[in-house]
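Data from entry38.txt: compact mmCIF, C-alpha atoms
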```
# COMPACT_ATOMS: atom_id res chain seq x y z
CA MET A 19 114.77 76.43 98.80
CA GLY A 20 116.77 79.47 99.68
CA LYS A 21 119.09 80.07 96.71
CA VAL A 22 118.84 83.27 94.67
CA LEU A 23 118.73 82.69 90.94
CA PRO A 24 121.95 83.29 88.97
CA THR A 25 122.21 86.72 87.38
CA SER A 26 124.83 86.16 84.67
CA LYS A 27 122.29 86.15 81.83
CA GLY A 28 120.77 89.54 82.48
CA ALA A 29 119.23 91.76 85.05
CA GLU A 30 119.07 91.03 88.74
CA PRO A 31 116.11 88.85 89.76
CA ILE A 32 112.98 90.58 90.99
CA ILE A 33 112.44 89.74 94.65
CA ILE A 34 108.78 89.79 95.67
CA MET A 35 107.31 89.43 99.14
CA GLY A 36 103.74 88.13 99.35
CA VAL A 37 101.65 88.39 102.52
CA ASP A 38 98.38 86.82 103.63
CA PRO A 39 97.39 89.07 106.57
CA GLY A 40 95.90 87.83 109.83
CA THR A 41 96.03 88.55 113.55
CA VAL A 42 96.14 84.88 114.58
CA ALA A 43 98.19 83.55 111.65
CA MET A 44 99.98 85.60 109.00
CA GLY A 45 101.52 83.82 106.04
CA TYR A 46 104.43 85.33 104.15
CA ALA A 47 106.61 84.24 101.27
CA ILE A 48 109.61 85.54 99.34
CA ILE A 49 110.17 84.59 95.70
CA ALA A 50 112.89 85.43 93.19
CA CYS A 51 111.77 85.91 89.58
CA GLN A 52 114.13 85.80 86.61
CA ALA A 53 113.81 84.69 82.99
CA ASN A 54 110.23 83.51 83.63
CA THR A 55 111.44 81.24 86.43
CA LEU A 56 110.03 81.61 89.93
CA THR A 57 112.04 80.31 92.88
CA VAL A 58 110.91 80.22 96.50
CA LEU A 59 113.51 81.82 98.77
CA HIS A 60 111.50 81.58 101.97
CA MET A 61 107.96 80.87 103.14
CA ASP A 62 106.60 80.69 106.65
CA VAL A 63 103.70 81.57 108.91
CA LEU A 64 103.67 83.78 111.98
CA LYS A 65 101.34 82.12 114.47
CA MET A 66 100.07 84.16 117.38
CA SER A 67 98.30 82.79 120.40
CA TRP A 68 94.76 83.85 121.20
CA THR A 69 96.09 84.77 124.64
CA HIS A 70 98.33 87.51 123.24
CA ASP A 71 97.08 91.04 123.57
CA VAL A 72 95.87 92.41 120.20
CA PHE A 73 98.47 95.19 120.27
CA GLU A 74 101.21 92.69 121.06
CA ARG A 75 100.16 90.72 117.99
CA LEU A 76 100.41 93.84 115.84
CA GLN A 77 103.86 94.51 117.22
CA ARG A 78 104.91 90.93 116.38
CA ILE A 79 103.61 91.37 112.85
CA TYR A 80 105.65 94.53 112.37
CA SER A 81 108.76 93.00 113.91
CA THR A 82 108.54 89.86 111.77
CA MET A 83 107.90 91.79 108.55
CA ASP A 84 110.81 94.09 109.40
CA THR A 85 113.21 91.17 109.90
CA VAL A 86 112.14 89.33 106.75
CA ILE A 87 112.37 92.45 104.58
CA ALA A 88 115.80 93.31 105.99
CA THR A 89 117.01 89.75 105.36
CA TYR A 90 115.72 89.14 101.81
CA LYS A 91 115.55 92.75 100.56
CA PRO A 92 112.51 92.45 98.27
CA SER A 93 111.82 95.28 95.83
CA GLN A 94 108.10 94.50 95.58
CA PHE A 95 105.52 93.90 98.31
CA ALA A 96 102.14 92.33 97.54
CA ILE A 97 99.40 91.72 100.08
CA GLU A 98 95.97 90.12 99.96
CA ALA A 99 92.97 92.34 100.65
CA PRO A 100 90.59 91.28 103.43
CA PHE A 101 87.68 89.17 102.23
CA TYR A 102 84.53 91.27 102.46
CA GLY A 103 82.30 88.34 103.32
CA LYS A 104 83.70 88.22 106.85
CA ASN A 105 81.90 89.85 109.78
CA VAL A 106 82.69 93.40 110.86
CA GLN A 107 84.91 92.41 113.79
CA SER A 108 86.96 90.06 111.62
CA MET A 109 87.31 92.75 108.96
CA LEU A 110 88.51 95.24 111.54
CA LYS A 111 91.14 92.83 112.87
CA LEU A 112 92.33 91.90 109.38
CA GLY A 113 92.46 95.55 108.41
CA ARG A 114 94.70 96.31 111.38
CA ALA A 115 97.04 93.42 110.54
CA GLN A 116 97.16 94.45 106.90
CA GLY A 117 97.81 98.08 107.82
CA VAL A 118 100.72 97.19 110.09
CA ALA A 119 102.31 94.99 107.41
CA ILE A 120 101.88 97.74 104.80
CA ALA A 121 103.33 100.35 107.17
CA CYS A 122 106.42 98.20 107.61
CA ALA A 123 106.80 97.77 103.84
CA MET A 124 106.41 101.53 103.35
CA HIS A 125 109.03 102.12 106.05
CA HIS A 126 111.41 100.10 103.88
CA GLN A 127 110.32 102.15 100.84
CA LEU A 128 108.85 99.17 99.02
CA ALA A 129 106.30 99.38 96.23
CA VAL A 130 103.05 98.00 97.73
CA THR A 131 100.23 96.37 95.75
CA GLU A 132 96.99 94.86 97.08
CA TYR A 133 95.08 92.02 95.42
CA SER A 134 91.66 90.57 96.12
CA PRO A 135 91.51 86.83 96.93
CA LYS A 136 89.60 86.26 93.69
CA LYS A 137 92.26 88.03 91.63
CA VAL A 138 95.01 85.96 93.25
CA LYS A 139 93.22 82.67 92.50
CA GLN A 140 92.43 83.72 88.94
CA SER A 141 96.00 84.77 88.29
CA VAL A 142 97.48 81.51 89.55
CA THR A 143 94.90 78.98 88.35
CA GLY A 144 92.82 80.79 85.74
CA ASN A 145 89.76 80.36 87.97
CA GLY A 146 88.79 83.03 90.50
CA ASN A 147 86.75 80.47 92.45
CA ALA A 148 89.47 77.81 92.72
CA ASP A 149 89.84 76.14 96.10
CA LYS A 150 93.04 76.27 98.17
CA GLU A 151 94.08 72.76 97.13
CA ARG A 152 93.94 73.72 93.44
CA VAL A 153 95.95 76.88 94.09
CA TRP A 154 98.61 74.90 95.94
CA THR A 155 98.83 72.29 93.17
CA MET A 156 99.44 75.02 90.60
CA LEU A 157 102.08 76.68 92.80
CA GLN A 158 103.90 73.36 93.14
CA LYS A 159 104.04 73.04 89.36
CA LEU A 160 105.06 76.67 88.82
CA MET A 161 107.91 76.62 91.33
CA THR A 162 108.79 72.91 91.51
CA ILE A 163 108.00 72.72 95.22
CA THR A 164 108.26 69.31 96.86
CA GLU A 165 107.94 70.15 100.54
CA ALA A 166 104.53 70.38 102.19
CA PRO A 167 103.39 73.82 103.38
CA LYS A 168 103.00 74.55 107.08
CA SER A 169 99.49 75.90 106.46
CA TYR A 170 97.30 77.43 103.81
CA ASP A 171 98.26 80.83 105.20
CA VAL A 172 101.70 80.15 103.70
CA THR A 173 100.37 78.96 100.34
CA ASP A 174 98.05 81.97 100.16
CA ALA A 175 101.04 84.28 100.67
CA LEU A 176 103.00 82.43 98.01
CA ALA A 177 100.04 82.77 95.63
CA VAL A 178 99.92 86.53 96.29
CA ALA A 179 103.61 86.84 95.38
CA ALA A 180 103.11 84.78 92.20
CA CYS A 181 100.05 86.83 91.29
CA HIS A 182 102.09 90.02 91.59
CA TYR A 183 104.79 88.61 89.33
CA PHE A 184 102.20 87.75 86.66
CA GLN A 185 100.75 91.26 86.88
CA LEU A 186 104.22 92.77 86.42
CA GLN A 187 104.61 90.71 83.23
CA SER A 188 101.25 91.79 81.81
CA PRO A 189 101.56 94.33 78.96
CA VAL A 190 98.38 96.03 80.17
CA GLN A 191 99.38 96.09 83.84
CA GLY A 192 98.00 99.20 85.44
CA ILE A 193 95.21 99.72 82.92
CA THR A 194 91.91 100.38 84.62
CA ALA A 195 88.33 100.46 83.45
CA LYS A 196 87.81 103.99 84.77
CA GLY A 197 89.10 105.82 81.73
CA LYS A 198 91.63 106.15 78.97
CA LYS A 199 94.56 107.20 81.09
CA GLY A 200 95.91 103.64 81.42
CA TRP A 201 95.48 102.92 77.70
CA ASP A 202 97.09 106.23 76.75
CA ALA A 203 100.10 105.40 78.89
CA PHE A 204 100.32 101.91 77.37
CA ILE A 205 100.14 103.25 73.79
CA ALA A 206 102.76 105.92 74.53
CA LYS A 207 105.15 103.31 75.91
CA ASN A 208 104.45 100.73 73.17
CA PRO A 209 103.93 102.53 69.85
CA GLY A 210 105.13 99.51 67.88
CA ARG A 211 102.41 97.30 69.32
CA VAL A 212 99.53 99.43 68.03
CA SER A 213 98.22 98.92 64.50
CA GLY A 214 95.51 100.63 62.47
CA ILE A 215 92.13 99.05 61.97
```

Let me see whether you can do it: turn the structure in this file into structure tokens.
Amino acid sequence: MGKVLPTSKGAEPIIIMGVDPGTVAMGYAIIACQANTLTVLHMDVLKMSWTHDVFERLQRIYSTMDTVIATYKPSQFAIEAPFYGKNVQSMLKLGRAQGVAIACAMHHQLAVTEYSPKKVKQSVTGNGNADKERVWTMLQKLMTITEAPKSYDVTDALAVAACHYFQLQSPVQGITAKGKKGWDAFIAKNPGRVSGI
């Protein structure tokens, strides 16, 4: 894994970076998407020792994200939202890690999107309550991955990137339940897809 898809048949591939935030382990993955084919360019986990100062960990997160973004030049950045079932201290730590990763993406002027863990699982497997093993099995089939992941932090990041790709392909991407604005925009952009009742 590490080869960008050929571009002779159309537009350049979309390069997406997916991140599973954490202050002890942060998974990240880069995928290239073209002609409904997803290829893994890179996936890894940043592991930080419990002995590291919390601010040193945040600096390592920023530095790693900065290097990966500069190397693979993604145009999209997707990150998993902290799980709200965790305790307050865990949420605070995850929020800091997520914020640093997002700040780095924004520094590189990337489009940033956040997804809940349930949304990621649903997008990849069709089941928002799927376990990590099921998610990984689906990712292997989607991207023809043979190597074993270093940890589930890596597979979670890969799932976030895949989820973002699927959302980009959705004709109703961006439509919300809060009003008609999203539907109005969709209808304006797709007049041929609307028929009378």

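Atom CA of Gln140 of chain A lies 8.6 Å from atom CA of Cys181 of chain A.
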
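When atom CA of Cys51 of chain A is paired with atom CA of Ala180 of chain A, their separation reads 9.1 Å.
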
inquiry  = If we draw a sphere of 12 Å around (90.9, 84.6, 95.3), which residues have at least one atom in it when counting only C-alpha atoms? Please report them as a VMD selection string.
reply    = chain A and resid 38 98 to 102 133 to 150 152 to 153 174 to 175 177 to 178 181

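Residues lying within 9 Å of Ile48 of chain A, counting all atoms listed in the file and ignoring same-chain neighbours fewer than 3 positions away, are Ile33, Ile34, Met35, Gly36, Thr57, Val58, Leu59, His60, Met61, Val86, Tyr90, Pro92, Ala175, Leu176 and Ala179 of chain A.
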
Expected file contents, prior selection, C-alpha atoms, as a PDB file, keeping the file's coordinate frame:
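To be explicit, this is the file written out as again-v6.pdb:
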```
ATOM      1  CA  ILE A  33     112.440  89.740  94.650  1.00  0.00           C
ATOM      2  CA  ILE A  34     108.780  89.790  95.670  1.00  0.00           C
ATOM      3  CA  MET A  35     107.310  89.430  99.140  1.00  0.00           C
ATOM      4  CA  GLY A  36     103.740  88.130  99.350  1.00  0.00           C
ATOM      5  CA  THR A  57     112.040  80.310  92.880  1.00  0.00           C
ATOM      6  CA  VAL A  58     110.910  80.220  96.500  1.00  0.00           C
ATOM      7  CA  LEU A  59     113.510  81.820  98.770  1.00  0.00           C
ATOM      8  CA  HIS A  60     111.500  81.580 101.970  1.00  0.00           C
ATOM      9  CA  MET A  61     107.960  80.870 103.140  1.00  0.00           C
ATOM     10  CA  VAL A  86     112.140  89.330 106.750  1.00  0.00           C
ATOM     11  CA  TYR A  90     115.720  89.140 101.810  1.00  0.00           C
ATOM     12  CA  PRO A  92     112.510  92.450  98.270  1.00  0.00           C
ATOM     13  CA  ALA A 175     101.040  84.280 100.670  1.00  0.00           C
ATOM     14  CA  LEU A 176     103.000  82.430  98.010  1.00  0.00           C
ATOM     15  CA  ALA A 179     103.610  86.840  95.380  1.00  0.00           C
TER      16      ALA A 179
END
```

ask   = For Val42 of chain A, which residue among A:Asp171, A:Leu186, A:Leu157, A:Thr164 is the nearest when counting all atoms listed in the file?
value = A:Asp171

note = Here atom CA of Tyr80 of chain A and atom CA of Tyr183 of chain A stand apart by 23.8 Å

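Summary of the local environment: counting all atoms listed in the file, residues at most 12 Å from Cys122 of chain A, other than itself and those fewer than 5 positions away along its chain, are A:Leu76, A:Gln77, A:Arg78, A:Ile79, A:Tyr80, A:Ser81, A:Thr82, A:Met83, A:Asp84, A:Thr85, A:Val86, A:Ile87, A:Ala88, A:Phe95, A:Ala115, A:Gln116, A:Gly117, A:Gln127, A:Leu128, A:Ala129, A:Val130.
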
Go ahead and write the residues just picked, C-alpha atoms, as a PDB file, keeping the file's coordinate frame.
```
ATOM      1  CA  LEU A  76     100.410  93.840 115.840  1.00  0.00           C
ATOM      2  CA  GLN A  77     103.860  94.510 117.220  1.00  0.00           C
ATOM      3  CA  ARG A  78     104.910  90.930 116.380  1.00  0.00           C
ATOM      4  CA  ILE A  79     103.610  91.370 112.850  1.00  0.00           C
ATOM      5  CA  TYR A  80     105.650  94.530 112.370  1.00  0.00           C
ATOM      6  CA  SER A  81     108.760  93.000 113.910  1.00  0.00           C
ATOM      7  CA  THR A  82     108.540  89.860 111.770  1.00  0.00           C
ATOM      8  CA  MET A  83     107.900  91.790 108.550  1.00  0.00           C
ATOM      9  CA  ASP A  84     110.810  94.090 109.400  1.00  0.00           C
ATOM     10  CA  THR A  85     113.210  91.170 109.900  1.00  0.00           C
ATOM     11  CA  VAL A  86     112.140  89.330 106.750  1.00  0.00           C
ATOM     12  CA  ILE A  87     112.370  92.450 104.580  1.00  0.00           C
ATOM     13  CA  ALA A  88     115.800  93.310 105.990  1.00  0.00           C
ATOM     14  CA  PHE A  95     105.520  93.900  98.310  1.00  0.00           C
ATOM     15  CA  ALA A 115      97.040  93.420 110.540  1.00  0.00           C
ATOM     16  CA  GLN A 116      97.160  94.450 106.900  1.00  0.00           C
ATOM     17  CA  GLY A 117      97.810  98.080 107.820  1.00  0.00           C
ATOM     18  CA  GLN A 127     110.320 102.150 100.840  1.00  0.00           C
ATOM     19  CA  LEU A 128     108.850  99.170  99.020  1.00  0.00           C
ATOM     20  CA  ALA A 129     106.300  99.380  96.230  1.00  0.00           C
ATOM     21  CA  VAL A 130     103.050  98.000  97.730  1.00  0.00           C
TER      22      VAL A 130
END
```

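Between Ala96 of chain A and the candidates A:Met66, A:Val37, A:Met44, A:Met124, the tightest atom-to-atom separation, counting only C-alpha atoms, involves A:Val37.
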